[in-house]
>>> print(open('run_19.pdb').read())   # PDB, C-alpha atoms and all ligand atoms
ATOM      1  CA  MET A   1     -16.687   1.093  -8.051
ATOM      2  CA  LEU A   2     -13.176   0.060  -9.009
ATOM      3  CA  ASN A   3     -11.248  -0.729  -5.834
ATOM      4  CA  LEU A   4      -7.643  -1.785  -6.307
ATOM      5  CA  ILE A   5      -5.058  -2.925  -3.818
ATOM      6  CA  LEU A   6      -1.653  -2.061  -5.219
ATOM      7  CA  PHE A   7       0.432  -4.641  -3.458
ATOM      8  CA  GLY A   8       4.108  -5.473  -3.164
ATOM      9  CA  ALA A   9       7.183  -5.218  -0.964
ATOM     10  CA  PRO A  10       8.580  -1.869   0.180
ATOM     11  CA  GLY A  11      10.315  -0.330  -2.840
ATOM     12  CA  SER A  12       8.284  -2.304  -5.386
ATOM     13  CA  GLY A  13       6.959   0.919  -6.968
ATOM     14  CA  LYS A  14       3.474   1.282  -5.458
ATOM     15  CA  GLY A  15       4.004   4.977  -4.722
ATOM     16  CA  THR A  16       5.305   5.623  -8.250
ATOM     17  CA  GLN A  17       2.481   3.812 -10.037
ATOM     18  CA  SER A  18      -0.423   4.996  -7.840
ATOM     19  CA  PRO A  19      -0.615   8.599  -9.172
ATOM     20  CA  LEU A  20      -0.459   7.272 -12.748
ATOM     21  CA  LEU A  21      -3.373   4.930 -12.037
ATOM     22  CA  VAL A  22      -5.280   7.731 -10.289
ATOM     23  CA  GLU A  23      -4.979   9.802 -13.440
ATOM     24  CA  LYS A  24      -6.029   6.986 -15.767
ATOM     25  CA  TYR A  25      -8.964   5.612 -13.769
ATOM     26  CA  ALA A  26     -10.032   8.668 -11.675
ATOM     27  CA  LEU A  27      -9.627   6.859  -8.382
ATOM     28  CA  VAL A  28      -8.837   8.142  -4.888
ATOM     29  CA  HIS A  29      -5.370   7.135  -3.715
ATOM     30  CA  ILE A  30      -4.995   6.160  -0.064
ATOM     31  CA  SER A  31      -1.454   5.489   1.130
ATOM     32  CA  THR A  32      -1.485   4.692   4.835
ATOM     33  CA  GLY A  33       2.289   5.353   4.967
ATOM     34  CA  ASP A  34       1.766   8.872   3.532
ATOM     35  CA  VAL A  35      -1.042   9.575   5.996
ATOM     36  CA  PHE A  36       1.140   8.402   8.908
ATOM     37  CA  ARG A  37       4.006  10.631   7.663
ATOM     38  CA  SER A  38       1.634  13.589   7.490
ATOM     39  CA  HIS A  39       0.619  12.932  11.124
ATOM     40  CA  ILE A  40       4.309  12.713  12.090
ATOM     41  CA  SER A  41       5.121  16.055  10.466
ATOM     42  CA  ARG A  42       2.126  17.640  12.253
ATOM     43  CA  LYS A  43       3.245  15.973  15.519
ATOM     44  CA  THR A  44      -0.232  14.603  16.277
ATOM     45  CA  ASP A  45      -0.690  11.967  19.011
ATOM     46  CA  LEU A  46      -1.279   9.380  16.286
ATOM     47  CA  GLY A  47       1.913  10.469  14.511
ATOM     48  CA  ILE A  48       3.953  10.219  17.688
ATOM     49  CA  SER A  49       2.596   6.709  18.408
ATOM     50  CA  ALA A  50       3.114   5.529  14.802
ATOM     51  CA  LYS A  51       6.647   6.924  14.517
ATOM     52  CA  ALA A  52       7.990   4.550  17.186
ATOM     53  CA  PHE A  53       7.004   1.571  14.991
ATOM     54  CA  MET A  54       7.883   3.107  11.628
ATOM     55  CA  ASP A  55      11.393   4.040  12.789
ATOM     56  CA  LYS A  56      12.093   0.356  13.463
ATOM     57  CA  GLY A  57      10.600  -0.858  10.202
ATOM     58  CA  ALA A  58       7.792  -2.589  12.121
ATOM     59  CA  LEU A  59       4.070  -2.427  11.409
ATOM     60  CA  VAL A  60       1.959   0.138  13.231
ATOM     61  CA  PRO A  61      -0.656  -1.792  15.272
ATOM     62  CA  ASP A  62      -3.935  -2.569  13.494
ATOM     63  CA  THR A  63      -5.986  -0.566  16.027
ATOM     64  CA  LEU A  64      -4.303   2.699  14.919
ATOM     65  CA  THR A  65      -4.043   1.803  11.240
ATOM     66  CA  VAL A  66      -7.639   0.693  10.737
ATOM     67  CA  GLU A  67      -9.015   3.871  12.353
ATOM     68  CA  LEU A  68      -6.814   5.966  10.073
ATOM     69  CA  LEU A  69      -7.983   4.107   6.966
ATOM     70  CA  LYS A  70     -11.635   4.406   7.972
ATOM     71  CA  ASN A  71     -11.255   8.207   8.279
ATOM     72  CA  GLU A  72      -9.640   8.410   4.846
ATOM     73  CA  ILE A  73     -12.428   6.402   3.204
ATOM     74  CA  GLU A  74     -15.092   8.503   4.925
ATOM     75  CA  GLN A  75     -13.535  11.693   3.546
ATOM     76  CA  HIS A  76     -14.395  10.584  -0.002
ATOM     77  CA  PRO A  77     -18.084   9.596  -0.040
ATOM     78  CA  ASN A  78     -18.369  10.258  -3.795
ATOM     79  CA  ALA A  79     -15.248   8.364  -4.875
ATOM     80  CA  LYS A  80     -15.586   6.255  -8.031
ATOM     81  CA  GLY A  81     -13.140   3.869  -6.446
ATOM     82  CA  PHE A  82      -9.948   3.652  -4.414
ATOM     83  CA  ILE A  83      -6.344   2.603  -4.814
ATOM     84  CA  PHE A  84      -5.158   1.185  -1.525
ATOM     85  CA  ASP A  85      -1.371   1.525  -1.309
ATOM     86  CA  GLY A  86       0.320   0.000   1.724
ATOM     87  CA  PHE A  87      -2.968  -1.327   3.102
ATOM     88  CA  PRO A  88      -3.896  -4.060   3.979
ATOM     89  CA  ARG A  89      -0.628  -5.308   5.440
ATOM     90  CA  THR A  90      -2.073  -8.120   7.575
ATOM     91  CA  THR A  91      -4.853 -10.636   7.019
ATOM     92  CA  ALA A  92      -6.790  -8.990   9.871
ATOM     93  CA  GLN A  93      -6.587  -5.641   8.034
ATOM     94  CA  ALA A  94      -7.781  -7.339   4.825
ATOM     95  CA  GLU A  95     -10.799  -8.801   6.598
ATOM     96  CA  ILE A  96     -11.662  -5.400   8.097
ATOM     97  CA  LEU A  97     -11.270  -3.674   4.712
ATOM     98  CA  ASP A  98     -13.571  -6.232   3.070
ATOM     99  CA  LYS A  99     -16.160  -5.572   5.772
ATOM    100  CA  MET A 100     -15.877  -1.772   5.469
ATOM    101  CA  LEU A 101     -16.358  -1.960   1.699
ATOM    102  CA  ALA A 102     -19.249  -4.433   2.023
ATOM    103  CA  GLU A 103     -20.996  -1.904   4.281
ATOM    104  CA  LYS A 104     -20.682   0.611   1.421
ATOM    105  CA  GLY A 105     -22.134  -1.987  -0.983
ATOM    106  CA  THR A 106     -18.849  -2.545  -2.775
ATOM    107  CA  SER A 107     -15.765  -4.792  -2.639
ATOM    108  CA  ILE A 108     -12.142  -5.142  -3.707
ATOM    109  CA  SER A 109     -11.987  -5.542  -7.484
ATOM    110  CA  ALA A 110      -8.403  -6.820  -7.568
ATOM    111  CA  LEU A 111      -5.141  -7.071  -5.687
ATOM    112  CA  ILE A 112      -2.278  -6.359  -8.073
ATOM    113  CA  ALA A 113       1.118  -7.398  -6.740
ATOM    114  CA  LEU A 114       4.184  -5.713  -8.210
ATOM    115  CA  ASP A 115       6.740  -8.436  -8.607
ATOM    116  CA  VAL A 116      10.301  -7.220  -7.869
ATOM    117  CA  PRO A 117      13.190  -9.403  -6.610
ATOM    118  CA  GLU A 118      14.807  -8.498  -3.289
ATOM    119  CA  VAL A 119      18.197  -7.817  -4.936
ATOM    120  CA  VAL A 120      16.513  -4.934  -6.768
ATOM    121  CA  LEU A 121      14.479  -3.695  -3.788
ATOM    122  CA  ILE A 122      17.356  -3.001  -1.362
ATOM    123  CA  PRO A 123      19.341  -0.646  -3.652
ATOM    124  CA  ARG A 124      16.078   1.022  -4.781
ATOM    125  CA  LEU A 125      15.104   1.798  -1.180
ATOM    126  CA  LEU A 126      18.569   3.004  -0.144
ATOM    127  CA  ASN A 127      18.728   5.145  -3.264
ATOM    128  CA  ARG A 128      15.313   6.653  -2.518
ATOM    129  CA  GLY A 129      16.567   7.379   1.015
ATOM    130  CA  LYS A 130      19.187   9.740  -0.402
ATOM    131  CA  THR A 131      16.495  12.132  -1.653
ATOM    132  CA  SER A 132      13.250  11.255   0.129
ATOM    133  CA  ALA A 133      14.260  12.258   3.686
ATOM    134  CA  ARG A 134      12.515   9.083   4.846
ATOM    135  CA  PRO A 135      14.542   7.801   7.818
ATOM    136  CA  ASP A 136      13.247   4.254   7.190
ATOM    137  CA  ASP A 137      14.884   4.294   3.723
ATOM    138  CA  GLN A 138      18.272   5.458   4.983
ATOM    139  CA  ASP A 139      19.387   2.612   7.207
ATOM    140  CA  ILE A 140      20.155  -0.835   5.825
ATOM    141  CA  ASP A 141      19.000  -2.600   9.022
ATOM    142  CA  ILE A 142      15.616  -0.827   8.956
ATOM    143  CA  VAL A 143      15.254  -1.577   5.235
ATOM    144  CA  LYS A 144      15.985  -5.274   5.876
ATOM    145  CA  ASN A 145      13.519  -5.328   8.761
ATOM    146  CA  ARG A 146      10.787  -3.837   6.551
ATOM    147  CA  LEU A 147      11.422  -6.502   3.910
ATOM    148  CA  ALA A 148      11.382  -9.253   6.555
ATOM    149  CA  THR A 149       8.157  -7.836   8.036
ATOM    150  CA  TYR A 150       6.623  -7.884   4.552
ATOM    151  CA  GLU A 151       7.569 -11.550   4.069
ATOM    152  CA  ARG A 152       6.417 -12.572   7.538
ATOM    153  CA  GLU A 153       3.202 -10.587   7.993
ATOM    154  CA  THR A 154       2.089  -9.017   4.720
ATOM    155  CA  SER A 155       2.738 -11.459   1.868
ATOM    156  CA  VAL A 156      -0.126 -13.701   3.146
ATOM    157  CA  VAL A 157      -2.602 -10.943   2.250
ATOM    158  CA  ALA A 158      -2.178 -11.971  -1.411
ATOM    159  CA  GLN A 159      -3.411 -15.466  -0.497
ATOM    160  CA  HIS A 160      -6.517 -13.978   1.119
ATOM    161  CA  TYR A 161      -7.481 -12.376  -2.228
ATOM    162  CA  ALA A 162      -6.218 -15.332  -4.295
ATOM    163  CA  ALA A 163      -8.792 -17.464  -2.478
ATOM    164  CA  LEU A 164     -11.424 -15.024  -3.789
ATOM    165  CA  GLY A 165      -9.974 -15.239  -7.330
ATOM    166  CA  LYS A 166      -8.891 -11.579  -7.134
ATOM    167  CA  ALA A 167      -5.070 -11.722  -6.916
ATOM    168  CA  HIS A 168      -2.916 -10.761  -9.918
ATOM    169  CA  LYS A 169       0.812 -10.301 -10.465
ATOM    170  CA  ALA A 170       2.484  -7.618 -12.602
ATOM    171  CA  ASN A 171       6.168  -7.463 -13.487
ATOM    172  CA  GLY A 172       7.534  -4.517 -11.469
ATOM    173  CA  VAL A 173      11.012  -4.306 -13.033
ATOM    174  CA  GLY A 174      11.750  -2.044 -15.991
ATOM    175  CA  GLU A 175      10.545   1.283 -17.344
ATOM    176  CA  ILE A 176       7.807   3.059 -15.357
ATOM    177  CA  GLY A 177       5.591   3.261 -18.478
ATOM    178  CA  GLU A 178       6.029  -0.450 -19.213
ATOM    179  CA  ILE A 179       5.119  -1.385 -15.646
ATOM    180  CA  LEU A 180       2.048   0.866 -15.862
ATOM    181  CA  LYS A 181       1.027  -0.969 -19.037
ATOM    182  CA  ASN A 182       1.344  -4.325 -17.240
ATOM    183  CA  ILE A 183      -0.962  -3.071 -14.489
ATOM    184  CA  CYS A 184      -3.490  -1.484 -16.870
ATOM    185  CA  GLN A 185      -3.733  -4.698 -18.860
ATOM    186  CA  ILE A 186      -4.898  -6.442 -15.681
ATOM    187  CA  VAL A 187      -7.297  -3.626 -14.708
ATOM    188  CA  ASP A 188      -8.819  -3.370 -18.190
ATOM    189  CA  ASN A 189      -9.563  -7.104 -18.189
ATOM    190  CA  LEU A 190     -11.342  -7.124 -14.830
ATOM    191  CA  PRO A 191     -15.044  -8.032 -14.908
ATOM    192  CA  ARG A 192     -16.985  -4.713 -14.580
TER     193      ARG A 192
HETATM  194  P1  LIG A 201       5.020   2.781   3.400
HETATM  195  O1  LIG A 201       5.038   4.244   3.094
HETATM  196  O2  LIG A 201       3.816   2.077   2.831
HETATM  197  O3  LIG A 201       6.321   2.098   3.058
HETATM  198  O4  LIG A 201       4.859   2.646   4.985
HETATM  199  C1  LIG A 201       5.840   3.153   5.857
HETATM  200  C2  LIG A 201       5.619   2.584   7.244
HETATM  201  O5  LIG A 201       4.318   2.988   7.739
HETATM  202  C3  LIG A 201       5.606   1.064   7.334
HETATM  203  O6  LIG A 201       6.926   0.521   7.426
HETATM  204  C4  LIG A 201       4.793   0.845   8.613
HETATM  205  O7  LIG A 201       5.583   1.108   9.753
HETATM  206  C5  LIG A 201       3.742   1.951   8.521
HETATM  207  N1  LIG A 201       2.525   1.472   7.833
HETATM  208  C6  LIG A 201       2.028   1.926   6.645
HETATM  209  N2  LIG A 201       0.903   1.268   6.321
HETATM  210  C7  LIG A 201       0.693   0.366   7.310
HETATM  211  C8  LIG A 201      -0.297  -0.635   7.536
HETATM  212  N3  LIG A 201      -1.284  -0.863   6.666
HETATM  213  N4  LIG A 201      -0.198  -1.364   8.679
HETATM  214  C9  LIG A 201       0.777  -1.149   9.564
HETATM  215  N5  LIG A 201       1.759  -0.254   9.396
HETATM  216  C10 LIG A 201       1.714   0.514   8.285
END
>>> encode(input="run_19.pdb", output="structure tokens", more="lines below")
Ligand code: AMP
Amino acid sequence: MLNLILFGAPGSGKGTQSPLLVEKYALVHISTGDVFRSHISRKTDLGISAKAFMDKGALVPDTLTVELLKNEIEQHPNAKGFIFDGFPRTTAQAEILDKMLAEKGTSISALIALDVPEVVLIPRLLNRGKTSARPDDQDIDIVKNRLATYERETSVVAQHYAALGKAHKANGVGEIGEILKNICQIVDNLPR
């Protein structure tokens, strides 16, 4: 299996690149943020609980997030591989993901971090907020809190995979097609 973590700060382009990678490598895309938003629009109990955290730009607690991810993985028993987008966001989540994949006889192939400076991220997010109807993209304080949460709680996840020799960086600024090429170059050179 080819299991990729598409990593990077909010607004780094994970959601833009994921469908392109799905098409190229025939993987299943799991975006925990998208799944939470689907629960919110269906007003499920999980959606109502998650919304309180998402509206502040904070992380949804691991107990809720891990359960949600497990369900998503279980829905695709024949997947050739996964793209994890927005998960893991804490070292604890990374350890749980590693364990879940080990139980399926597989593992993370690579974490690919999209490298985008903060001065580019803030206008990108606010701009997306004009058309995406995502409340967490429309308020500068929430945007800043999401970026601070990423620095404080999520960026360490890259170190977890670096220690396993699996962390890579791709330039995330420029044309969408160029960025895709940067990512594919990494994927195509992974040991298979
Ligand atoms: P995203 O669509 O990836 O930007 O995620 C939007 C929001 O969903 C985040 O700001 C968090 O509140 C929540 N979220 C998504 N994935 C996770 C995760 N792995 N752990 C905790 N919270 C998450």
>>> closest_atom_pairs(input="run_19.pdb", of="stretch 46-124 of chain A", to="stretch 37-41 of chain A", cutoff="9 Å", atoms="all atoms listed in the file", output="tab-separated table")
residue	atom	partner	partner_atom	distance
A:Leu46	CA	A:His39	CA	6.5
A:Gly47	CA	A:Ile40	CA	4.1
A:Ile48	CA	A:Ile40	CA	6.1
A:Ser49	CA	A:Ile40	CA	8.9
A:Ala50	CA	A:Ile40	CA	7.8
A:Lys51	CA	A:Ile40	CA	6.7
>>> resolve_selection(input="run_19.pdb", expression="the PyMOL selection byres (((chain A and resi 78) around 12) and not hetatm)", output="ChimeraX atom specification")
/A:1,26-28,73-77,79-82,104
>>> residues_near_ligand(input="run_19.pdb", ligand="ligand LIG 201 (chain A)", cutoff="10 Å", atoms="all atoms listed in the file", output="MDAnalysis selection string")
chainID A and resid 7:12 14:15 30:37 50:66 68:69 84:90 93:94 125 134 136:137 142:143 145:147 149:150 153:154
>>> atom_distance(input="run_19.pdb", atom1="atom CA of A:Pro135", atom2="atom CA of A:Gln17")
21.9 Å
>>> resolve_selection(input="run_19.pdb", expression="the PyMOL selection byres (((chain A and resi 106) around 12) and not hetatm)", output="ChimeraX atom specification")
/A:1-4,79-82,97-105,107-109
>>> resolve_selection(input="run_19.pdb", expression="the PyMOL selection byres (((chain A and resi 113) around 7) and not hetatm)", output="MDAnalysis selection string")
chainID A and resid 6:8 111:112 114:115 168:170
>>> atom_distance(input="run_19.pdb", atom1="atom CA of A:Gly177", atom2="atom CA of A:Val119")
21.6 Å
>>> closest_residue(input="run_19.pdb", among="A:Thr91, A:Asn189, A:Asn182, A:Ser132", to="A:Ser155", atoms="only C-alpha atoms")
A:Thr91
>>> atom_distance(input="run_19.pdb", atom1="atom CA of A:Ile140", atom2="atom CA of A:Pro19")
27.3 Å
>>> axis_aligned_box(input="run_19.pdb", around="stretch 108-124 of chain A", padding_each_side="5 Å", output="lines of an AutoDock Vina configuration file")
center_x = 3.6
center_y = -4.2
center_z = -5.0
size_x = 41.5
size_y = 20.4
size_z = 17.2
>>> closest_residue(input="run_19.pdb", among="A:Arg192, A:Lys24, A:His29, A:Arg128", to="A:Glu72", atoms="all atoms listed in the file")
A:His29
>>> decode(input="run_19.pdb", residues="stretch 4-25 of chain A", atoms="N, CA, C and O atoms", output="PDB file, in the first residue's frame")
ATOM      1  N   LEU A   4       0.119   8.005   2.335  1.00  0.00           N
ATOM      2  CA  LEU A   4       0.779   9.305   2.435  1.00  0.00           C
ATOM      3  C   LEU A   4       0.092  10.179   3.459  1.00  0.00           C
ATOM      4  O   LEU A   4      -1.146  10.205   3.528  1.00  0.00           O
ATOM      5  N   ILE A   5       0.891  10.905   4.211  1.00  0.00           N
ATOM      6  CA  ILE A   5       0.335  11.995   5.033  1.00  0.00           C
ATOM      7  C   ILE A   5       0.681  13.275   4.293  1.00  0.00           C
ATOM      8  O   ILE A   5       1.862  13.587   4.104  1.00  0.00           O
ATOM      9  N   LEU A   6      -0.355  13.979   3.830  1.00  0.00           N
ATOM     10  CA  LEU A   6      -0.097  15.285   3.219  1.00  0.00           C
ATOM     11  C   LEU A   6      -0.189  16.288   4.358  1.00  0.00           C
ATOM     12  O   LEU A   6      -1.254  16.466   4.963  1.00  0.00           O
ATOM     13  N   PHE A   7       0.956  16.884   4.642  1.00  0.00           N
ATOM     14  CA  PHE A   7       1.113  17.641   5.881  1.00  0.00           C
ATOM     15  C   PHE A   7       1.341  19.112   5.566  1.00  0.00           C
ATOM     16  O   PHE A   7       1.779  19.461   4.462  1.00  0.00           O
ATOM     17  N   GLY A   8       1.059  19.958   6.526  1.00  0.00           N
ATOM     18  CA  GLY A   8       1.332  21.387   6.346  1.00  0.00           C
ATOM     19  C   GLY A   8       0.302  22.212   7.093  1.00  0.00           C
ATOM     20  O   GLY A   8      -0.759  21.712   7.491  1.00  0.00           O
ATOM     21  N   ALA A   9       0.612  23.484   7.246  1.00  0.00           N
ATOM     22  CA  ALA A   9      -0.244  24.407   8.006  1.00  0.00           C
ATOM     23  C   ALA A   9      -1.588  24.570   7.297  1.00  0.00           C
ATOM     24  O   ALA A   9      -1.709  24.282   6.102  1.00  0.00           O
ATOM     25  N   PRO A  10      -2.594  25.076   8.026  1.00  0.00           N
ATOM     26  CA  PRO A  10      -3.856  25.414   7.362  1.00  0.00           C
ATOM     27  C   PRO A  10      -3.566  26.376   6.204  1.00  0.00           C
ATOM     28  O   PRO A  10      -2.784  27.325   6.362  1.00  0.00           O
ATOM     29  N   GLY A  11      -4.149  26.093   5.047  1.00  0.00           N
ATOM     30  CA  GLY A  11      -3.943  26.974   3.890  1.00  0.00           C
ATOM     31  C   GLY A  11      -2.717  26.606   3.064  1.00  0.00           C
ATOM     32  O   GLY A  11      -2.404  27.277   2.085  1.00  0.00           O
ATOM     33  N   SER A  12      -2.035  25.524   3.425  1.00  0.00           N
ATOM     34  CA  SER A  12      -0.804  25.187   2.684  1.00  0.00           C
ATOM     35  C   SER A  12      -1.101  24.483   1.364  1.00  0.00           C
ATOM     36  O   SER A  12      -0.189  24.258   0.568  1.00  0.00           O
ATOM     37  N   GLY A  13      -2.370  24.083   1.137  1.00  0.00           N
ATOM     38  CA  GLY A  13      -2.738  23.512  -0.163  1.00  0.00           C
ATOM     39  C   GLY A  13      -3.018  22.014  -0.133  1.00  0.00           C
ATOM     40  O   GLY A  13      -3.140  21.392  -1.180  1.00  0.00           O
ATOM     41  N   LYS A  14      -3.176  21.453   1.065  1.00  0.00           N
ATOM     42  CA  LYS A  14      -3.422  20.003   1.172  1.00  0.00           C
ATOM     43  C   LYS A  14      -4.713  19.616   0.444  1.00  0.00           C
ATOM     44  O   LYS A  14      -4.760  18.629  -0.280  1.00  0.00           O
ATOM     45  N   GLY A  15      -5.751  20.415   0.652  1.00  0.00           N
ATOM     46  CA  GLY A  15      -7.056  20.112   0.048  1.00  0.00           C
ATOM     47  C   GLY A  15      -7.057  20.284  -1.461  1.00  0.00           C
ATOM     48  O   GLY A  15      -7.845  19.659  -2.163  1.00  0.00           O
ATOM     49  N   THR A  16      -6.187  21.141  -1.975  1.00  0.00           N
ATOM     50  CA  THR A  16      -6.077  21.343  -3.427  1.00  0.00           C
ATOM     51  C   THR A  16      -5.306  20.192  -4.062  1.00  0.00           C
ATOM     52  O   THR A  16      -5.679  19.675  -5.113  1.00  0.00           O
ATOM     53  N   GLN A  17      -4.226  19.777  -3.417  1.00  0.00           N
ATOM     54  CA  GLN A  17      -3.362  18.747  -4.003  1.00  0.00           C
ATOM     55  C   GLN A  17      -3.933  17.337  -3.831  1.00  0.00           C
ATOM     56  O   GLN A  17      -3.690  16.468  -4.680  1.00  0.00           O
ATOM     57  N   SER A  18      -4.691  17.101  -2.758  1.00  0.00           N
ATOM     58  CA  SER A  18      -5.148  15.721  -2.480  1.00  0.00           C
ATOM     59  C   SER A  18      -5.908  15.094  -3.644  1.00  0.00           C
ATOM     60  O   SER A  18      -5.581  13.973  -4.058  1.00  0.00           O
ATOM     61  N   PRO A  19      -6.930  15.780  -4.234  1.00  0.00           N
ATOM     62  CA  PRO A  19      -7.647  15.129  -5.343  1.00  0.00           C
ATOM     63  C   PRO A  19      -6.743  14.835  -6.536  1.00  0.00           C
ATOM     64  O   PRO A  19      -6.954  13.847  -7.249  1.00  0.00           O
ATOM     65  N   LEU A  20      -5.727  15.662  -6.754  1.00  0.00           N
ATOM     66  CA  LEU A  20      -4.805  15.445  -7.873  1.00  0.00           C
ATOM     67  C   LEU A  20      -3.961  14.182  -7.620  1.00  0.00           C
ATOM     68  O   LEU A  20      -3.705  13.392  -8.526  1.00  0.00           O
ATOM     69  N   LEU A  21      -3.584  13.998  -6.359  1.00  0.00           N
ATOM     70  CA  LEU A  21      -2.802  12.810  -5.994  1.00  0.00           C
ATOM     71  C   LEU A  21      -3.672  11.554  -6.021  1.00  0.00           C
ATOM     72  O   LEU A  21      -3.215  10.476  -6.408  1.00  0.00           O
ATOM     73  N   VAL A  22      -4.937  11.714  -5.631  1.00  0.00           N
ATOM     74  CA  VAL A  22      -5.889  10.594  -5.681  1.00  0.00           C
ATOM     75  C   VAL A  22      -5.987  10.084  -7.113  1.00  0.00           C
ATOM     76  O   VAL A  22      -5.933   8.884  -7.378  1.00  0.00           O
ATOM     77  N   GLU A  23      -6.088  11.037  -8.040  1.00  0.00           N
ATOM     78  CA  GLU A  23      -6.234  10.671  -9.447  1.00  0.00           C
ATOM     79  C   GLU A  23      -4.974   9.966  -9.961  1.00  0.00           C
ATOM     80  O   GLU A  23      -5.048   8.963 -10.637  1.00  0.00           O
ATOM     81  N   LYS A  24      -3.816  10.499  -9.584  1.00  0.00           N
ATOM     82  CA  LYS A  24      -2.562   9.952 -10.113  1.00  0.00           C
ATOM     83  C   LYS A  24      -2.225   8.581  -9.514  1.00  0.00           C
ATOM     84  O   LYS A  24      -1.744   7.710 -10.210  1.00  0.00           O
ATOM     85  N   TYR A  25      -2.476   8.410  -8.215  1.00  0.00           N
ATOM     86  CA  TYR A  25      -2.014   7.183  -7.556  1.00  0.00           C
ATOM     87  C   TYR A  25      -3.147   6.251  -7.122  1.00  0.00           C
ATOM     88  O   TYR A  25      -2.882   5.240  -6.471  1.00  0.00           O
TER      89      TYR A  25
END
